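Engineer: So I've got this file, run-v6.txt, and it contains compact mmCIF, C-alpha atoms:
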```txt
# COMPACT_ATOMS: atom_id res chain seq x y z
CA THR A 1 49.34 164.49 98.54
CA PRO A 2 48.65 167.95 97.02
CA LEU A 3 44.89 167.32 97.18
CA LEU A 4 45.17 166.05 100.75
CA ALA A 5 47.29 169.10 101.67
CA VAL A 6 44.63 171.45 100.26
CA LEU A 7 41.91 169.64 102.24
CA LEU A 8 43.91 169.79 105.48
CA THR A 9 44.62 173.47 104.85
CA MET A 10 40.91 174.16 104.56
CA VAL A 11 40.24 172.34 107.84
CA ALA A 12 43.06 174.08 109.74
CA GLY A 13 42.17 177.39 108.13
CA GLY A 14 38.58 176.95 109.25
CA VAL A 15 39.77 176.44 112.82
CA LEU A 16 41.92 179.58 112.54
CA PHE A 17 38.98 181.63 111.25
CA ALA A 18 36.74 180.27 114.02
CA ILE A 19 39.29 181.34 116.64
CA LEU A 20 39.17 184.83 115.11
CA GLY A 21 35.40 184.83 115.61
CA LYS A 22 34.40 184.30 111.98
CA ASP A 23 32.14 181.67 110.47
CA PRO A 24 34.69 179.13 109.10
CA LEU A 25 32.41 177.77 106.38
CA LEU A 26 31.56 181.28 105.20
CA ALA A 27 35.23 182.25 105.20
CA ILE A 28 36.26 179.19 103.17
CA ARG A 29 33.38 179.80 100.76
CA THR A 30 34.39 183.45 100.37
CA ILE A 31 37.98 182.49 99.57
CA PHE A 32 37.38 179.61 97.17
CA TRP A 33 33.85 179.97 95.79
CA GLU A 34 32.87 183.63 95.63
CA PRO A 35 35.73 184.78 93.33
CA LEU A 36 34.70 182.23 90.71
CA PHE A 37 30.95 181.92 90.98
CA GLY A 38 29.81 184.76 93.23
CA GLU A 39 28.02 187.99 92.39
CA PHE A 40 31.25 189.76 91.46
CA GLY A 41 32.86 186.74 89.82
CA TRP A 42 33.12 188.61 86.53
CA TYR A 43 35.64 190.95 88.16
CA TYR A 44 37.54 188.41 90.24
CA ARG A 45 37.97 185.96 87.35
CA GLY A 46 39.92 188.63 85.48
CA GLN A 47 42.08 189.19 88.54
CA LEU A 48 42.85 185.48 88.65
CA LEU A 49 45.12 185.64 85.60
CA ILE A 50 46.75 188.85 86.83
CA LYS A 51 47.77 187.16 90.10
CA ALA A 52 48.62 183.77 88.61
CA GLY A 53 50.94 185.10 85.88
CA PRO A 54 53.90 186.16 88.07
CA LEU A 55 53.44 183.20 90.43
CA VAL A 56 53.67 180.66 87.61
CA LEU A 57 56.52 182.47 85.86
CA ILE A 58 58.65 182.61 89.01
CA ALA A 59 57.74 179.09 90.14
CA ILE A 60 58.75 177.57 86.80
CA GLY A 61 62.24 179.02 87.17
CA LEU A 62 62.52 177.92 90.80
CA SER A 63 61.36 174.39 90.00
CA LEU A 64 64.29 173.77 87.64
CA GLY A 65 66.78 174.54 90.38
CA PHE A 66 64.80 172.67 93.05
CA ARG A 67 64.78 169.56 90.85
CA ALA A 68 68.58 169.72 90.71
CA GLY A 69 68.95 170.39 94.43
CA ILE A 70 69.80 174.06 93.89
CA TRP A 71 67.83 176.18 96.35
CA ASN A 72 67.12 179.68 95.13
CA ILE A 73 65.08 181.24 97.95
CA GLY A 74 65.73 184.81 96.81
CA ALA A 75 63.32 185.06 93.87
CA GLU A 76 61.63 187.99 95.59
CA GLY A 77 64.83 190.03 95.27
CA GLN A 78 65.26 189.02 91.64
CA TYR A 79 61.62 189.98 91.01
CA ILE A 80 62.31 193.43 92.50
CA MET A 81 65.48 193.95 90.48
CA GLY A 82 63.75 192.92 87.27
CA ALA A 83 61.06 195.52 87.94
CA ILE A 84 63.65 198.22 88.62
CA PHE A 85 65.70 197.46 85.50
CA GLY A 86 62.60 197.24 83.28
CA ALA A 87 61.04 200.42 84.66
CA ALA A 88 64.34 202.30 84.38
CA VAL A 89 64.60 201.50 80.67
CA GLY A 90 60.99 202.55 80.05
CA LEU A 91 61.38 205.80 81.96
CA ALA A 92 64.68 206.56 80.24
CA PHE A 93 62.79 206.89 76.94
CA TYR A 94 59.92 208.97 78.37
CA PRO A 95 58.03 210.62 76.62
CA MET A 96 59.21 209.05 73.35
CA GLU A 97 56.50 207.09 71.51
CA ALA A 98 58.00 203.91 70.06
CA ARG A 99 56.37 200.86 71.64
CA TRP A 100 57.96 198.50 69.11
CA LEU A 101 61.36 199.47 70.56
CA ILE A 102 60.76 200.43 74.19
CA PHE A 103 58.63 197.53 75.43
CA PRO A 104 60.93 194.78 74.02
CA LEU A 105 63.91 196.56 75.58
CA MET A 106 62.07 196.63 78.91
CA ILE A 107 61.49 192.88 78.66
CA LEU A 108 65.19 192.26 78.04
CA ALA A 109 66.18 194.63 80.83
CA GLY A 110 63.78 192.98 83.29
CA ALA A 111 65.14 189.51 82.56
CA PHE A 112 68.70 190.84 82.78
CA GLY A 113 68.06 192.50 86.15
CA GLY A 114 66.79 189.26 87.68
CA PHE A 115 69.61 187.30 86.04
CA VAL A 116 72.31 189.60 87.42
CA TRP A 117 70.89 189.41 90.96
CA ALA A 118 70.72 185.61 90.77
CA MET A 119 74.31 185.41 89.57
CA ILE A 120 75.59 186.71 92.91
CA PRO A 121 74.63 183.59 94.91
CA ALA A 122 75.30 181.37 91.87
CA LEU A 123 78.90 182.50 91.43
CA LEU A 124 79.57 182.50 95.17
CA LYS A 125 78.24 178.95 95.30
CA SER A 126 80.26 177.72 92.33
CA LYS A 127 83.52 179.48 93.29
CA PHE A 128 83.50 179.40 97.10
CA ASN A 129 80.83 176.79 97.88
CA THR A 130 78.76 179.25 99.89
CA ASN A 131 75.20 178.40 100.91
CA GLU A 132 72.93 179.64 98.10
CA ILE A 133 69.88 179.53 100.40
CA LEU A 134 71.36 182.03 102.82
CA VAL A 135 72.95 184.32 100.22
CA SER A 136 69.91 184.49 97.92
CA LEU A 137 67.58 185.11 100.88
CA LEU A 138 69.68 187.91 102.36
CA LEU A 139 69.89 189.57 98.95
CA VAL A 140 66.11 190.02 99.08
CA TYR A 141 66.55 192.59 101.84
CA VAL A 142 69.30 194.34 99.90
CA ALA A 143 66.96 194.52 96.89
CA GLU A 144 64.20 195.98 99.06
CA GLN A 145 66.50 198.77 100.22
CA PHE A 146 67.58 199.37 96.62
CA LEU A 147 63.90 199.58 95.66
CA ALA A 148 63.27 202.22 98.32
CA SER A 149 66.31 204.15 97.14
CA MET A 150 65.04 204.17 93.54
CA ALA A 151 61.51 205.19 94.58
CA LEU A 152 62.88 208.08 96.64
CA GLY A 153 65.71 209.06 94.34
CA LEU A 154 66.75 208.24 90.80
CA LEU A 155 63.38 206.98 89.52
CA ARG A 156 61.13 209.33 91.50
CA ASN A 157 58.56 211.16 89.43
CA PRO A 158 59.83 214.74 88.93
CA GLU A 159 56.22 215.85 88.63
CA GLY A 160 55.07 213.97 91.72
CA SER A 161 55.28 216.90 94.16
CA GLY A 162 58.06 215.18 96.09
CA PHE A 163 56.10 212.01 96.84
CA PRO A 164 58.04 208.72 96.52
CA GLY A 165 57.41 206.60 93.45
CA SER A 166 58.09 206.72 89.73
CA ARG A 167 55.84 207.87 86.92
CA ASN A 168 52.87 205.64 86.26
CA LEU A 169 53.92 203.38 83.38
CA GLN A 170 50.29 202.53 82.67
CA GLN A 171 49.87 206.12 81.48
CA TYR A 172 52.86 205.82 79.15
CA ALA A 173 51.60 203.88 76.14
CA SER A 174 55.01 202.76 74.91
CA ALA A 175 55.82 201.11 78.26
CA ALA A 176 52.38 199.96 79.44
CA ASN A 177 51.60 196.27 79.85
CA GLY A 178 47.85 196.48 79.42
CA GLU A 179 45.21 193.80 78.97
CA LEU A 180 45.38 191.99 75.65
CA ILE A 181 41.64 191.18 75.83
CA ALA A 182 39.50 193.72 77.68
CA GLY A 183 38.16 192.38 80.97
CA SER A 184 40.09 189.11 80.78
CA GLY A 185 43.02 190.11 83.00
CA LEU A 186 45.39 188.58 80.44
CA HIS A 187 48.49 190.64 79.71
CA TRP A 188 51.91 189.78 78.34
CA GLY A 189 52.97 188.43 81.72
CA GLY A 190 50.31 185.73 81.50
CA VAL A 191 51.39 184.87 77.96
CA ALA A 192 55.03 184.64 79.11
CA ALA A 193 53.98 182.33 81.96
CA LEU A 194 52.20 179.98 79.56
CA ILE A 195 55.19 179.96 77.21
CA ALA A 196 57.47 179.22 80.19
CA VAL A 197 55.28 176.23 81.15
CA ILE A 198 55.51 174.80 77.63
CA LEU A 199 59.27 175.37 77.28
CA ALA A 200 59.98 173.95 80.75
CA TYR A 201 58.03 170.80 79.89
CA ILE A 202 60.01 170.37 76.67
CA LEU A 203 63.28 171.11 78.46
CA LEU A 204 62.70 168.54 81.19
CA ASN A 205 61.45 165.80 78.89
CA ARG A 206 63.19 166.32 75.55
CA HIS A 207 66.50 168.12 76.20
CA MET A 208 69.87 167.03 77.57
CA LEU A 209 69.88 169.90 80.07
CA GLY A 210 66.58 168.67 81.49
CA PHE A 211 68.06 165.17 81.80
CA GLN A 212 71.06 166.57 83.66
CA ILE A 213 68.78 168.51 86.00
CA ARG A 214 66.70 165.44 86.82
CA VAL A 215 69.71 163.15 87.28
CA THR A 216 71.50 165.66 89.51
CA GLY A 217 68.47 165.99 91.75
CA GLU A 218 67.93 162.24 92.01
CA SER A 219 71.56 161.15 92.32
CA PRO A 220 74.35 163.77 92.39
CA ARG A 221 77.03 161.05 92.40
CA ALA A 222 75.59 159.40 89.31
CA ALA A 223 75.35 162.80 87.64
CA ARG A 224 79.08 163.39 88.18
CA PHE A 225 79.87 160.01 86.64
CA ALA A 226 77.65 160.97 83.69
CA GLY A 227 79.78 164.06 83.06
CA VAL A 228 77.48 166.69 84.57
CA LYS A 229 79.39 169.76 85.75
CA PRO A 230 77.75 170.78 89.07
CA ASN A 231 79.10 174.33 89.14
CA LEU A 232 77.93 175.04 85.60
CA LEU A 233 74.51 173.60 86.42
CA VAL A 234 74.25 175.92 89.44
CA VAL A 235 74.94 178.94 87.23
CA VAL A 236 72.48 177.82 84.54
CA CYS A 237 69.61 176.99 86.91
CA MET A 238 70.08 180.11 89.01
CA GLY A 239 70.35 182.23 85.86
CA ILE A 240 67.12 180.84 84.39
CA SER A 241 65.18 181.25 87.64
CA GLY A 242 66.53 184.76 88.16
CA GLY A 243 65.71 185.77 84.59
CA LEU A 244 62.13 184.51 84.85
CA ALA A 245 61.64 186.22 88.23
CA GLY A 246 62.97 189.45 86.71
CA LEU A 247 60.53 189.10 83.82
CA ALA A 248 57.67 188.69 86.28
CA GLY A 249 58.74 191.88 88.04
CA MET A 250 58.93 193.82 84.78
CA PHE A 251 55.49 192.70 83.60
CA GLU A 252 54.06 193.58 87.01
CA VAL A 253 55.55 197.07 87.25
CA ALA A 254 54.50 197.90 83.68
CA GLY A 255 51.02 196.49 84.22
CA PRO A 256 48.99 195.97 87.42
CA ALA A 257 51.38 197.82 89.77
CA GLY A 258 52.12 200.60 87.29
CA GLN A 259 55.06 202.19 89.07
CA ILE A 260 58.16 201.69 91.18
CA SER A 261 57.17 202.38 94.79
CA ILE A 262 58.54 201.60 98.23
CA ASP A 263 55.98 198.83 98.75
CA PHE A 264 56.03 197.47 95.19
CA ASN A 265 57.00 193.91 96.15
CA SER A 266 54.06 191.84 97.33
CA GLY A 267 55.67 188.51 98.26
CA TYR A 268 55.22 186.77 94.91
CA GLY A 269 58.78 185.44 95.07
CA PHE A 270 58.11 183.65 98.35
CA THR A 271 54.61 182.46 97.45
CA ALA A 272 56.05 180.99 94.24
CA ILE A 273 57.99 178.52 96.40
CA ILE A 274 54.64 177.16 97.62
CA VAL A 275 53.40 177.07 94.01
CA ALA A 276 56.47 175.11 92.86
CA PHE A 277 56.11 172.44 95.53
CA LEU A 278 52.32 172.27 95.35
CA GLY A 279 52.73 171.64 91.62
CA ARG A 280 55.21 168.82 92.39
CA LEU A 281 57.91 170.73 90.45
CA HIS A 282 56.10 169.75 87.25
CA PRO A 283 55.30 172.53 84.72
CA VAL A 284 51.64 171.59 84.29
CA GLY A 285 51.22 171.08 88.02
CA ILE A 286 52.76 174.50 88.64
CA LEU A 287 50.27 176.09 86.26
CA LEU A 288 47.35 174.59 88.20
CA ALA A 289 48.95 175.41 91.56
CA GLY A 290 49.54 178.99 90.44
CA LEU A 291 45.86 179.39 89.66
CA LEU A 292 44.96 177.93 93.07
CA LEU A 293 47.29 180.25 94.99
CA ALA A 294 46.06 183.19 92.91
CA LEU A 295 42.56 182.21 94.00
CA THR A 296 43.63 182.40 97.66
CA TYR A 297 45.05 185.88 97.02
CA ILE A 298 41.83 187.10 95.43
CA GLY A 299 39.55 185.26 97.83
CA GLY A 300 41.66 186.51 100.72
CA GLU A 301 41.13 190.10 99.60
CA ALA A 302 37.40 189.43 99.36
CA ALA A 303 37.40 187.90 102.85
CA GLN A 304 39.24 190.92 104.24
CA ALA A 305 36.75 193.31 102.65
CA ASN A 306 33.54 191.36 103.38
CA LEU A 307 34.30 189.51 106.60
CA GLY A 308 36.89 191.74 108.22
CA LEU A 309 39.58 189.05 108.31
CA PRO A 310 43.08 190.44 108.93
CA ALA A 311 45.64 190.19 106.13
CA ALA A 312 47.94 188.22 108.46
CA ALA A 313 45.30 185.48 108.73
CA ILE A 314 45.24 185.09 104.96
CA GLN A 315 49.03 184.90 104.85
CA ALA A 316 48.98 182.27 107.58
CA PHE A 317 46.36 180.36 105.58
CA GLN A 318 48.65 180.34 102.54
CA GLY A 319 51.59 179.27 104.70
CA MET A 320 49.56 176.34 106.02
CA LEU A 321 49.35 175.00 102.50
CA LEU A 322 53.12 174.56 102.25
CA PHE A 323 53.28 173.21 105.81
CA PHE A 324 50.71 170.50 105.14
CA LEU A 325 52.18 169.70 101.74
CA LEU A 326 55.58 169.03 103.30
CA ALA A 327 53.95 167.15 106.18
CA VAL A 328 51.90 164.75 104.05
CA ASP A 329 54.87 164.24 101.72
CA VAL A 330 56.37 162.20 104.55
CA LEU A 331 53.69 159.60 103.79
CA THR A 332 55.16 159.07 100.29
CA ASN A 333 58.36 157.68 101.83
CA PHE A 334 57.14 156.34 105.19
CA ARG A 335 54.00 154.69 106.44
CA VAL A 336 52.51 154.51 109.88
CA ARG A 337 52.17 150.94 111.13
CA ILE A 338 50.61 150.27 114.49
CA GLY A 339 50.99 146.86 116.03
CA LYS A 340 52.19 145.43 119.31
CA GLY A 341 52.96 148.89 120.59
CA GLU A 342 55.34 149.72 117.73
CA MET A 343 55.15 152.49 115.18
CA ALA A 344 57.28 152.46 111.99
```
Kindly return the structure encoded in the file as C-alpha cells.

Structural biologist:
Amino acid sequence: TPLLAVLLTMVAGGVLFAILGKDPLLAIRTIFWEPLFGEFGWYYRGQLLIKAGPLVLIAIGLSLGFRAGIWNIGAEGQYIMGAIFGAAVGLAFYPMEARWLIFPLMILAGAFGGFVWAMIPALLKSKFNTNEILVSLLLVYVAEQFLASMALGLLRNPEGSGFPGSRNLQQYASAANGELIAGSGLHWGGVAALIAVILAYILLNRHMLGFQIRVTGESPRAARFAGVKPNLLVVVCMGISGGLAGLAGMFEVAGPAGQISIDFNSGYGFTAIIVAFLGRLHPVGILLAGLLLALTYIGGEAAQANLGLPAAAIQAFQGMLLFFLLAVDVLTNFRVRIGKGEMA
C-alpha cells in the first residue's frame, strides 16, 4: 500500500499541477528526479540528509506511541520547546569556548524540553483520562506563542539592533551543529536519527517494553491481562516521543536554522506523522519514508523556484500522500467484490 499511495499521489498531484497551469510531468520530474540526478543534484543531495534527519527522529518517537494506540499529535510543539531549551543553554554560555561541555548540555536540554512538553498531555491522560490528541495538538499553539516571546524577549540578540531573533548559533563554535563531512549535509542530527532507528528496532523486537507496546496496540484487553500498566505506558511512550522531537529541534536550531526566530518551526512535527505511517510504523520503513518526504521538501523548493508553483500546492501534495495511504489501507482489511449488484 505505501507504493500504491505514492503512485496515486503522483497522479493526483499531476492533476493539481495541471489545474494550476503547469506541465504535470515536468512538475513531478522536478520534485522527484531533479534533486537527485539533475544539474544541481550535488547541492540537493546534501540537503536531503538535512531535511530527513529531523523527520526520521520525530517519526521514530511518534511510531512507538502510535503502535500502542497513544496519539501524540503535538510533536511540533515538542520540537519547538526542544529548540528553545537547547538554544537557551548554548546562549547562556556565550561567548565561552568549551564545546566538549556546551554542546552535550544543549543535547540534554533539547531532549528535556521536548520531554517536559510531552509530559503535559501524558500526565493529564494518565490522571484524568483526557484526550491526548486534543491536548498535545493545542499545546503546539502555546509553544508557538512561547517561541515568539523568546525571539522578541529573553533570547533576542542584544546586538541585533532590536530585530527579533537570537544570536546565530552557527557563528558560535561551541554551540554549532555543523556538517561532519563537508558537502554531505550530515550533521549530528542525522547521526542521532540513524541511532534512533537502530535502537527502536531493537526495542520493538528484543525488549519487553517493545513487546508491551505491540501487545497494547493489537489488543489492549490482552495487554491488561498480561500485566501491562496502561498509564505508565502512556507516560513512557509520550516521554520518548517528546524527547526525540526535542532533540530534533535542538539539532535544527544549532545547525541549519541557526537561531531562534518567530518562524523557526517549519512543520516537521506534523510531516513526521506522514513519515511514521508511510513507513508502516517500522523503524526501517520510517527511515526510507523520511528520505522520500525530505525529497518532496527539496523538490518542492526546486519546483517553486523553477516552475513558479505556490508553496501551498507543495503542502497539499504532501498531504495527499497521507490521504492516499490511509485510503488504500482500507484494502488491507476489506475488499471490493462486485456481483449481482452487491458490493462488500

Engineer: Dump as a list in words all residues having an atom at most 12 Å from (40.0, 196.9, 80.9), computed in the file's coordinates with only C-alpha atoms.

Structural biologist: Tyr43, Gly46, Gln47, Gln170, Asn177, Gly178, Glu179, Leu180, Ile181, Ala182, Gly183, Ser184, Gly185, Leu186, His187, Gly255 and Pro256 of chain A

Engineer: Would you work out the distance separating CA of Gly249 in chain A from CA of Ile80 in chain A, expressed in Å to one decimal?

Structural biologist: 5.9 Å

Engineer: When you draw a straight line from CA of Ala276 in chain A to CA of Leu62 in chain A, how long is it in Å?

Structural biologist: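 Interatomic distance, CA of Ala276 in chain A to CA of Leu62 in chain A: 7.0 Å.
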
Engineer: Near Ala109 in chain A, counting all atoms listed in the file, which residues have an atom at most 6 Å away, once you skip same-chain residues fewer than 2 positions from it, shown as a ChimeraX atom specification?

Structural biologist: /A:85-86,106-107,111-112

Engineer: Can you tell me how far CA of Ala303 in chain A sits from CA of Leu287 in chain A, in Å to one decimal?

Structural biologist: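 So the two atoms, CA of Ala303 in chain A and CA of Leu287 in chain A, lie 24.1 Å apart.
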
Engineer: Here is a test: counting all atoms listed in the file, which residue of A:Gly162, A:Gly77, A:Pro283, A:Pro95 is nearest to Leu138 in chain A?

Structural biologist: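 Ranking A:Gly162, A:Gly77, A:Pro283, A:Pro95 by distance to Leu138 in chain A, first place goes to A:Gly77.
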
Engineer: For Leu64 in chain A, work out the shell of residues within 8 Å, counting all atoms listed in the file and skipping chain neighbours fewer than 6 positions away, then give it as a PyMOL selection string.

Structural biologist: chain A and resi 213+237+241+281

Engineer: Using C-alpha atoms, can you export the residues from the last selection as a PDB file, keeping the file's coordinate frame?

Structural biologist:
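Generated output (selection.pdb):
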```pdb
ATOM      1  CA  ILE A 213      68.780 168.510  86.000  1.00  0.00           C
ATOM      2  CA  CYS A 237      69.610 176.990  86.910  1.00  0.00           C
ATOM      3  CA  SER A 241      65.180 181.250  87.640  1.00  0.00           C
ATOM      4  CA  LEU A 281      57.910 170.730  90.450  1.00  0.00           C
TER       5      LEU A 281
END
```

Engineer: Which one of A:Asn205, A:Ser261, A:Gln315, A:Ser166 sits closest to Glu144 in chain A if you count all atoms listed in the file?

Structural biologist: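 Using all atoms listed in the file, the shortest distance to Glu144 in chain A belongs to A:Ser261.
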
Engineer: Closest to Pro158 in chain A among A:Leu8, A:Ile50, A:Leu247, A:Leu91, using all atoms listed in the file?

Structural biologist: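 Result for the nearest residue to Pro158 in chain A: A:Leu91.
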
Engineer: Can you tell me which residues surround Ile260 in chain A at a distance of at most 8 Å, considering only C-alpha atoms, apart from same-chain residues fewer than 5 positions away, and format the answer as a list in words?

Structural biologist: Ala83, Ile84, Ala87, Leu147, Met150, Ala151, Leu155, Gly165, Ser166, Arg167 and Val253 of chain A

Engineer: From the set A:Phe277, A:Tyr94, A:Phe163, A:Phe66, which residue has the shortest atom-to-atom contact distance to Thr1 in chain A, counting only C-alpha atoms?

Structural biologist: A:Phe277

Engineer: Taking only C-alpha atoms into account, which of A:Thr30, A:Ala5, A:Leu16, A:Tyr172 comes nearest Ala305 in chain A?

Structural biologist: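 For Ala305 in chain A, the nearest of the given residues is A:Thr30.
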
Engineer: I need the residue nearest Ala312 in chain A from this list: A:Asp23, A:Val336, A:Gly300, A:Ala176. Use only C-alpha atoms for the distance.

Structural biologist: A:Gly300

Engineer: Can you pull out every residue within 6 Å of Ala175 in chain A, counting all atoms listed in the file, but drop anything in the same chain fewer than 6 positions away, and send it as a list in words?

Structural biologist: Gly90, Phe103 and Leu169 of chain A

Engineer: Write out as a VMD selection string each polymer residue whose atoms come within 8 Å of Gly189 in chain A, counting all atoms listed in the file; drop sequence neighbours fewer than 6 positions from it.

Structural biologist: chain A and resid 53 to 54 247 to 248 251 to 252

Engineer: Got a sec to check which residues sit within 7 Å of (61.1, 177.3, 81.3), counting all atoms listed in the file, and write them as a ChimeraX atom specification?

Structural biologist: /A:60-61,196-197,199-200
